[in-house]
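The next block is entry_19.cif, given as mmCIF, C-alpha atoms.
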```cif
data_coords
#
loop_
_atom_site.label_atom_id
_atom_site.label_comp_id
_atom_site.auth_asym_id
_atom_site.auth_seq_id
_atom_site.Cartn_x
_atom_site.Cartn_y
_atom_site.Cartn_z
CA MET A 8 27.49 -17.62 12.42
CA PRO A 9 26.90 -14.08 13.78
CA SER A 10 29.88 -12.45 15.43
CA SER A 11 29.66 -12.13 19.22
CA SER A 12 31.30 -8.71 18.88
CA GLY A 13 28.35 -7.32 16.86
CA PRO A 14 26.01 -4.67 18.24
CA GLN A 15 23.40 -5.77 20.77
CA THR A 16 20.88 -3.10 19.79
CA ALA A 17 20.46 -0.10 17.51
CA ILE A 18 18.86 3.31 17.96
CA ALA A 19 17.34 5.24 15.06
CA ALA A 20 18.15 8.94 15.39
CA THR A 21 16.88 11.95 13.48
CA TYR A 22 17.47 15.68 13.72
CA VAL A 23 14.27 17.74 14.01
CA GLN A 24 13.38 21.42 13.90
CA ASP A 25 10.80 21.40 16.73
CA LEU A 26 11.51 18.80 19.41
CA ASP A 27 8.11 19.13 21.13
CA ALA A 28 6.14 18.82 17.88
CA SER A 29 8.14 15.78 16.80
CA ARG A 30 7.76 14.14 20.20
CA ARG A 31 3.96 14.55 20.03
CA PHE A 32 3.94 13.08 16.52
CA TYR A 33 5.84 9.94 17.51
CA GLU A 34 3.75 9.56 20.65
CA VAL A 35 0.74 9.08 18.36
CA LEU A 36 2.71 6.25 16.74
CA GLY A 37 2.98 4.55 20.13
CA PHE A 38 6.29 5.90 21.47
CA THR A 39 6.81 7.29 24.97
CA GLU A 40 9.60 9.54 26.15
CA ALA A 41 12.01 7.64 28.40
CA ARG A 42 14.77 10.21 28.82
CA SER A 43 15.55 13.72 27.62
CA GLY A 44 18.17 16.38 28.01
CA ALA A 45 19.15 19.84 26.84
CA SER A 46 22.03 22.26 26.63
CA PRO A 47 22.32 25.79 25.18
CA GLU A 48 23.34 24.24 21.83
CA ALA A 49 21.12 21.14 21.58
CA ALA A 50 18.24 19.14 23.04
CA TRP A 51 17.29 15.49 22.72
CA SER A 52 14.44 13.12 23.53
CA GLU A 53 14.76 9.32 23.67
CA LEU A 54 11.48 7.61 22.83
CA ILE A 55 10.63 3.94 23.39
CA GLY A 56 7.82 1.95 21.83
CA GLY A 57 7.40 -1.82 21.57
CA GLY A 58 10.98 -2.36 22.68
CA HIS A 59 12.34 -0.04 19.99
CA GLU A 60 14.01 3.34 20.41
CA VAL A 61 13.89 6.56 18.44
CA LEU A 62 16.17 9.45 19.31
CA LEU A 63 15.04 12.98 18.40
CA VAL A 64 17.72 15.68 18.36
CA SER A 65 17.42 19.42 17.81
CA THR A 66 20.15 22.02 17.66
CA SER A 67 20.35 25.77 18.18
CA PRO A 68 20.53 27.21 15.63
CA PRO A 69 18.62 24.46 13.75
CA LEU A 70 20.54 22.39 11.22
CA ALA A 71 19.59 22.68 7.54
CA ILE A 72 18.64 19.05 6.94
CA PRO A 73 17.44 17.86 3.50
CA ARG A 74 14.22 15.85 3.43
CA LEU A 75 14.67 12.13 2.88
CA PRO A 76 12.38 9.94 0.70
CA LEU A 77 11.96 7.52 3.61
CA LEU A 78 12.91 7.95 7.22
CA PHE A 79 11.11 5.27 9.28
CA TYR A 80 9.01 2.17 8.63
CA PHE A 81 6.99 0.94 11.60
CA PHE A 82 5.08 -2.36 11.68
CA TYR A 83 2.08 -2.91 13.97
CA ALA A 84 0.11 -5.98 15.01
CA ASP A 85 -3.16 -4.03 14.58
CA LEU A 86 -2.81 -1.42 11.86
CA ALA A 87 -6.50 -0.48 11.94
CA ALA A 88 -6.16 0.58 15.58
CA GLN A 89 -3.08 2.64 14.74
CA VAL A 90 -4.88 4.31 11.84
CA ALA A 91 -7.70 5.19 14.24
CA ALA A 92 -5.12 6.88 16.47
CA LEU A 93 -3.79 8.87 13.50
CA LYS A 94 -7.31 10.04 12.69
CA ALA A 95 -8.01 11.00 16.29
CA ALA A 96 -4.83 13.10 16.31
CA GLY A 97 -5.86 14.85 13.11
CA LEU A 98 -2.84 13.58 11.14
CA GLN A 99 -3.06 13.33 7.36
CA PHE A 100 -2.14 9.98 5.80
CA GLU A 101 -2.59 7.97 2.61
CA HIS A 102 -3.62 4.33 2.18
CA LEU A 103 -1.12 2.43 0.02
CA GLY A 104 -3.01 -0.86 -0.12
CA HIS A 105 -1.76 -4.31 0.92
CA PRO A 106 1.71 -4.93 -0.59
CA GLU A 107 3.53 -8.26 -0.23
CA HIS A 108 5.68 -7.02 2.65
CA ALA A 109 2.58 -5.72 4.51
CA PRO A 110 -0.41 -7.99 3.75
CA GLY A 111 -2.28 -6.41 6.64
CA GLY A 112 -2.10 -2.99 5.01
CA GLU A 113 0.17 0.00 4.66
CA VAL A 114 -0.27 3.75 5.08
CA LYS A 115 2.00 6.70 4.42
CA LEU A 116 2.32 9.97 6.32
CA ALA A 117 4.85 12.73 6.95
CA ASP A 118 6.44 13.74 10.23
CA PRO A 119 6.55 17.44 11.26
CA ASP A 120 9.79 17.89 9.29
CA GLY A 121 8.25 16.51 6.10
CA ASN A 122 10.04 13.17 6.17
CA THR A 123 8.11 10.14 4.98
CA VAL A 124 6.97 7.58 7.54
CA LEU A 125 5.44 4.28 6.42
CA VAL A 126 3.23 2.26 8.76
CA GLY A 127 2.33 -1.34 7.98
CA GLN A 128 1.09 -4.69 9.26
CA ARG A 129 3.10 -7.81 8.40
CA ARG A 130 0.23 -10.30 8.59
CA HIS A 131 -3.18 -10.24 6.94
CA SER A 132 -6.19 -10.25 9.26
CA LEU A 133 -9.89 -9.93 8.54
CA ALA A 134 -10.59 -8.17 11.83
CA GLY A 135 -10.12 -4.43 11.48
CA GLN A 136 -9.04 -4.76 7.86
CA LEU A 137 -8.24 -1.49 6.14
CA PRO A 138 -10.34 -0.50 3.13
CA PRO A 139 -8.71 -1.30 -0.22
CA GLY A 140 -6.73 1.36 -2.05
CA PRO A 141 -7.70 2.56 -5.55
CA MET A 142 -5.72 -0.15 -7.34
CA GLU A 143 -7.10 -2.91 -5.13
CA ALA A 144 -10.66 -1.67 -5.63
CA ARG A 145 -10.19 -1.76 -9.40
CA PHE A 146 -8.62 -5.20 -9.24
CA SER A 147 -11.47 -6.52 -7.09
CA LEU A 148 -13.89 -5.58 -9.87
CA LEU A 149 -11.80 -7.59 -12.34
CA LYS A 150 -11.91 -10.57 -9.98
CA GLU A 151 -15.70 -10.31 -9.77
CA ALA A 152 -15.93 -10.22 -13.56
CA ALA A 153 -13.61 -13.24 -13.82
CA ALA A 154 -15.77 -15.15 -11.34
CA ALA A 155 -18.85 -14.42 -13.46
CA VAL A 156 -17.05 -15.67 -16.59
CA ALA A 157 -15.96 -18.83 -14.76
CA GLN A 158 -19.58 -19.58 -13.81
CA ARG A 159 -20.63 -19.37 -17.45
CA GLY A 160 -17.71 -21.45 -18.64
CA ALA A 161 -14.13 -20.17 -19.02
CA PRO A 162 -12.39 -21.01 -22.34
CA GLY A 163 -9.70 -23.20 -20.76
CA ILE A 164 -6.88 -21.41 -22.59
CA HIS A 165 -3.87 -19.35 -21.60
CA CYS A 166 -3.60 -15.57 -21.72
CA GLN A 167 -3.21 -14.45 -25.35
CA VAL A 168 -1.07 -11.42 -24.48
CA SER A 169 2.69 -11.87 -24.61
CA GLY A 170 4.86 -10.86 -21.71
CA GLU A 171 8.33 -9.33 -21.82
CA HIS A 172 10.44 -10.07 -24.89
CA TRP A 173 7.36 -11.60 -26.57
CA ALA A 174 7.42 -14.59 -24.23
CA PRO A 175 4.03 -16.31 -23.75
CA CYS A 176 2.28 -15.12 -20.61
CA GLY A 177 1.52 -18.64 -19.41
CA SER A 178 -1.24 -17.59 -17.01
CA VAL A 179 -4.77 -18.94 -17.32
CA ALA A 180 -7.10 -16.62 -19.27
CA GLU A 181 -9.93 -15.37 -17.07
CA LEU A 182 -11.48 -12.44 -18.94
CA ARG A 183 -12.33 -11.48 -22.49
CA ILE A 184 -11.43 -7.89 -23.42
CA ALA A 185 -12.73 -6.04 -26.49
CA ASP A 186 -12.30 -2.59 -28.02
CA SER A 187 -14.38 -0.27 -30.18
CA ALA A 188 -12.74 -1.69 -33.35
CA GLY A 189 -14.18 -5.12 -32.62
CA ASP A 190 -10.91 -6.80 -31.64
CA THR A 191 -11.09 -9.25 -28.75
CA VAL A 192 -8.54 -11.15 -26.69
CA TRP A 193 -8.63 -13.58 -23.76
CA VAL A 194 -6.36 -12.38 -20.94
CA CYS A 195 -5.28 -13.01 -17.37
CA LEU A 196 -6.26 -10.49 -14.69
CA HIS A 197 -2.93 -8.64 -14.78
CA HIS A 198 -3.00 -8.14 -18.54
CA ALA A 199 -6.69 -7.22 -18.35
CA ASP A 200 -5.72 -4.43 -15.95
CA ASP A 201 -2.92 -3.27 -18.28
CA ILE A 202 -5.23 -3.19 -21.33
CA LEU A 203 -8.11 -1.43 -19.60
CA ILE A 204 -5.73 1.30 -18.43
CA GLY A 205 -3.60 1.61 -21.55
CA VAL A 206 -6.09 1.11 -24.40
CA PRO A 207 -8.76 3.83 -24.84
CA GLY A 208 -12.24 2.37 -25.21
CA ALA A 209 -11.28 -1.15 -24.08
CA PHE A 210 -13.90 -3.00 -22.06
CA ILE A 211 -14.74 -6.39 -20.56
CA THR A 212 -17.06 -8.40 -22.80
CA THR A 213 -19.00 -11.63 -22.39
CA PRO A 214 -17.60 -14.90 -23.78
CA ASP A 215 -20.65 -15.67 -25.94
CA GLU A 216 -20.71 -12.52 -28.14
CA ARG A 217 -24.08 -11.44 -26.77
CA GLY A 218 -24.54 -7.68 -26.74
CA ILE A 219 -26.93 -5.12 -25.24
CA ALA A 220 -29.84 -6.15 -27.45
CA ALA A 221 -29.71 -9.71 -26.17
CA PHE A 222 -29.44 -8.45 -22.59
CA LEU A 223 -32.50 -6.24 -22.94
CA ALA A 224 -34.47 -9.00 -24.65
CA ASN A 225 -33.67 -11.32 -21.75
CA ARG A 226 -34.86 -8.71 -19.22
CA GLN A 227 -38.24 -8.46 -21.01
CA ARG A 228 -38.97 -12.19 -20.74
#
```
Rewritten as structure tokens:
Amino acid sequence: MPSSSGPQTAIAATYVQDLDASRRFYEVLGFTEARSGASPEAAWSELIGGGHEVLLVSTSPPLAIPRLPLLFYFFYADLAAQVAALKAAGLQFEHLGHPEHAPGGEVKLADPDGNTVLVGQRRHSLAGQLPPGPMEARFSLLKEAAAAVAQRGAPGIHCQVSGEHWAPCGSVAELRIADSAGDTVWVCLHHADDILIGVPGAFITTPDERGIAAFLANRQR
């Protein structure tokens, strides 16, 4: 049972070099200045957004603060709308795809002090969905290929690639991969991705051994 003497709320605070520039940055992320103050030695700005608070502090002279690998992670109900706001403000960001902790999407950007800020959406939604990242785009092609194989008759076997410590993969085989030496193997989607990246010249092949000649002959009928 939680202790009744625990904190009622928490405020995330960060030291910044340029208070005005940082305040404008976090305003794009949906925060609004509630209070501020200054003295000859320091200045601060308390920002509020969605019931959460961020405290920006600057000192004179500025503190030498090392950059952190991650400073803030903000979740939004509509990430696409927030990304549109980032674009309108001219901020640079990177799509990171749709990880398990952010099925609705995730993007990465840096604040004016170079600290990393991650922005995500906890729930998946079709409306305003972000475009897939490079890995998702590649994986979607594998899924399309697997669907085509399933229509023609999947082999009904398990992935023939071992996992860690030579343990059987256990997943259902969905694709047939071949290489320039003529070796073939039935694999699950994850191992297909690993092979296509790690084995030069590997490619997805059809289950029935038919090659280009048969394909061209079929087109001429």
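You will find CA of Ile211 (chain A) at 28.3 Å from CA of Pro110 (chain A).
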Who sits within 12 Å of Cys176 (chain A), all atoms listed in the file, same chain under 3 positions skipped, as a ChimeraX atom specification: /A:164-173,179-180,193-198
For C-alpha atoms, I'd like the residues from the last selection saved as a short mmCIF file (atom, residue, chain, number, x, y, z; two decimals), in the frame of the given file.
```cif
data_model
loop_
_atom_site.label_atom_id
_atom_site.label_comp_id
_atom_site.auth_asym_id
_atom_site.auth_seq_id
_atom_site.Cartn_x
_atom_site.Cartn_y
_atom_site.Cartn_z
CA ILE A 164 -6.88 -21.41 -22.59
CA HIS A 165 -3.87 -19.35 -21.60
CA CYS A 166 -3.60 -15.57 -21.72
CA GLN A 167 -3.21 -14.45 -25.35
CA VAL A 168 -1.07 -11.42 -24.48
CA SER A 169 2.69 -11.87 -24.61
CA GLY A 170 4.86 -10.86 -21.71
CA GLU A 171 8.33 -9.33 -21.82
CA HIS A 172 10.44 -10.07 -24.89
CA TRP A 173 7.36 -11.60 -26.57
CA VAL A 179 -4.77 -18.94 -17.32
CA ALA A 180 -7.10 -16.62 -19.27
CA TRP A 193 -8.63 -13.58 -23.76
CA VAL A 194 -6.36 -12.38 -20.94
CA CYS A 195 -5.28 -13.01 -17.37
CA LEU A 196 -6.26 -10.49 -14.69
CA HIS A 197 -2.93 -8.64 -14.78
CA HIS A 198 -3.00 -8.14 -18.54
#
```
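Applied to the file shown here, the PyMOL selection byres ((chain A and resi 115) around 7) selects the residues Phe100, Glu101, His102, Leu103, Glu113, Val114, Leu116, Val124, Leu125 and Val126 of chain A.
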Write out as JSON lines the residues of region 21-51 of chain A that have any atom within 9 Å of an atom of region 79-95 of chain A, one row each with the nearest atom pair and its distance in Å to one decimal, counting only C-alpha atoms, sorted by chain and then rising number.
```
{"residue": "A:Val35", "atom": "CA", "partner": "A:Ala92", "partner_atom": "CA", "distance": 6.5}
{"residue": "A:Leu36", "atom": "CA", "partner": "A:Gln89", "partner_atom": "CA", "distance": 7.1}
{"residue": "A:Gly37", "atom": "CA", "partner": "A:Gln89", "partner_atom": "CA", "distance": 8.3}
```
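Atom pair CA of His59 (chain A) / CA of Ala41 (chain A): separated by 11.4 Å.
Those residues that approach region 199-205 of chain A to within 8 Å, counting all atoms listed in the file, are Phe146, Leu149, Leu182, Ile184, Val194, Cys195, Leu196, Gly208, Ala209 and Phe210 of chain A; same-chain residues fewer than 3 positions away are not listed.
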Generate a file of the selected residues that holds C-alpha atoms, formatted as a PDB file, keeping the file's coordinate frame.
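The resulting selection.pdb:
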```pdb
ATOM      1  CA  PHE A 146      -8.620  -5.200  -9.240  1.00  0.00           C
ATOM      2  CA  LEU A 149     -11.800  -7.590 -12.340  1.00  0.00           C
ATOM      3  CA  LEU A 182     -11.480 -12.440 -18.940  1.00  0.00           C
ATOM      4  CA  ILE A 184     -11.430  -7.890 -23.420  1.00  0.00           C
ATOM      5  CA  VAL A 194      -6.360 -12.380 -20.940  1.00  0.00           C
ATOM      6  CA  CYS A 195      -5.280 -13.010 -17.370  1.00  0.00           C
ATOM      7  CA  LEU A 196      -6.260 -10.490 -14.690  1.00  0.00           C
ATOM      8  CA  GLY A 208     -12.240   2.370 -25.210  1.00  0.00           C
ATOM      9  CA  ALA A 209     -11.280  -1.150 -24.080  1.00  0.00           C
ATOM     10  CA  PHE A 210     -13.900  -3.000 -22.060  1.00  0.00           C
TER      11      PHE A 210
END
```
Give me region 57-92 of chain A with N, CA and C atoms filled in, as a tab-separated table (two decimals), in the coordinates of the input.
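What follows is the written file out.tsv:
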```
chain	number	residue	atom	x	y	z
A	57	GLY	N	7.30	-0.43	21.99
A	57	GLY	CA	7.40	-1.82	21.57
A	57	GLY	C	8.80	-2.38	21.64
A	58	GLY	N	9.61	-1.88	22.56
A	58	GLY	CA	10.98	-2.36	22.68
A	58	GLY	C	11.95	-1.71	21.72
A	59	HIS	N	11.49	-0.72	20.96
A	59	HIS	CA	12.34	-0.04	19.99
A	59	HIS	C	12.53	1.42	20.41
A	60	GLU	N	13.66	1.98	19.99
A	60	GLU	CA	14.01	3.34	20.41
A	60	GLU	C	14.16	4.27	19.22
A	61	VAL	N	13.71	5.48	19.40
A	61	VAL	CA	13.89	6.56	18.44
A	61	VAL	C	14.46	7.75	19.20
A	62	LEU	N	15.53	8.31	18.67
A	62	LEU	CA	16.17	9.45	19.31
A	62	LEU	C	15.94	10.70	18.47
A	63	LEU	N	15.29	11.70	19.06
A	63	LEU	CA	15.04	12.98	18.40
A	63	LEU	C	16.06	13.99	18.92
A	64	VAL	N	16.69	14.71	17.99
A	64	VAL	CA	17.72	15.68	18.36
A	64	VAL	C	17.45	17.00	17.66
A	65	SER	N	17.54	18.08	18.40
A	65	SER	CA	17.42	19.42	17.81
A	65	SER	C	18.63	20.24	18.22
A	66	THR	N	19.00	21.18	17.37
A	66	THR	CA	20.15	22.02	17.66
A	66	THR	C	19.76	23.49	17.61
A	67	SER	N	20.57	24.32	18.20
A	67	SER	CA	20.35	25.77	18.18
A	67	SER	C	21.65	26.47	17.76
A	68	PRO	N	21.65	27.08	16.58
A	68	PRO	CA	20.53	27.21	15.63
A	68	PRO	C	20.23	25.87	14.95
A	69	PRO	N	19.00	25.72	14.38
A	69	PRO	CA	18.62	24.46	13.75
A	69	PRO	C	19.51	24.13	12.56
A	70	LEU	N	19.77	22.84	12.36
A	70	LEU	CA	20.54	22.39	11.22
A	70	LEU	C	19.68	22.43	9.95
A	71	ALA	N	20.29	22.73	8.83
A	71	ALA	CA	19.59	22.68	7.54
A	71	ALA	C	19.69	21.25	7.04
A	72	ILE	N	18.63	20.48	7.25
A	72	ILE	CA	18.64	19.05	6.94
A	72	ILE	C	17.76	18.79	5.72
A	73	PRO	N	18.28	18.17	4.66
A	73	PRO	CA	17.44	17.86	3.50
A	73	PRO	C	16.43	16.78	3.84
A	74	ARG	N	15.24	16.86	3.22
A	74	ARG	CA	14.22	15.85	3.43
A	74	ARG	C	14.61	14.55	2.75
A	75	LEU	N	14.34	13.45	3.41
A	75	LEU	CA	14.67	12.13	2.88
A	75	LEU	C	13.42	11.49	2.29
A	76	PRO	N	13.56	10.61	1.27
A	76	PRO	CA	12.38	9.94	0.70
A	76	PRO	C	11.74	8.97	1.67
A	77	LEU	N	12.50	8.43	2.60
A	77	LEU	CA	11.96	7.52	3.61
A	77	LEU	C	12.81	7.62	4.85
A	78	LEU	N	12.17	7.82	5.97
A	78	LEU	CA	12.91	7.95	7.22
A	78	LEU	C	12.69	6.74	8.13
A	79	PHE	N	11.43	6.39	8.41
A	79	PHE	CA	11.11	5.27	9.28
A	79	PHE	C	10.03	4.40	8.65
A	80	TYR	N	10.10	3.10	8.96
A	80	TYR	CA	9.01	2.17	8.63
A	80	TYR	C	8.68	1.42	9.91
A	81	PHE	N	7.44	1.59	10.38
A	81	PHE	CA	6.99	0.94	11.60
A	81	PHE	C	5.93	-0.11	11.28
A	82	PHE	N	6.08	-1.31	11.84
A	82	PHE	CA	5.08	-2.36	11.68
A	82	PHE	C	4.28	-2.49	12.98
A	83	TYR	N	2.98	-2.76	12.83
A	83	TYR	CA	2.08	-2.91	13.97
A	83	TYR	C	1.29	-4.20	13.85
A	84	ALA	N	0.93	-4.77	15.01
A	84	ALA	CA	0.11	-5.98	15.01
A	84	ALA	C	-1.32	-5.67	14.61
A	85	ASP	N	-1.80	-4.45	14.90
A	85	ASP	CA	-3.16	-4.03	14.58
A	85	ASP	C	-3.09	-2.66	13.90
A	86	LEU	N	-2.96	-2.68	12.59
A	86	LEU	CA	-2.81	-1.42	11.86
A	86	LEU	C	-4.07	-0.58	11.92
A	87	ALA	N	-5.24	-1.23	11.90
A	87	ALA	CA	-6.50	-0.48	11.94
A	87	ALA	C	-6.58	0.37	13.21
A	88	ALA	N	-6.14	-0.18	14.33
A	88	ALA	CA	-6.16	0.58	15.58
A	88	ALA	C	-5.19	1.76	15.51
A	89	GLN	N	-4.04	1.55	14.86
A	89	GLN	CA	-3.08	2.64	14.74
A	89	GLN	C	-3.60	3.73	13.82
A	90	VAL	N	-4.28	3.33	12.75
A	90	VAL	CA	-4.88	4.31	11.84
A	90	VAL	C	-5.95	5.13	12.57
A	91	ALA	N	-6.70	4.47	13.44
A	91	ALA	CA	-7.70	5.19	14.24
A	91	ALA	C	-7.03	6.25	15.12
A	92	ALA	N	-5.86	5.92	15.64
A	92	ALA	CA	-5.12	6.88	16.47
A	92	ALA	C	-4.64	8.06	15.62
```
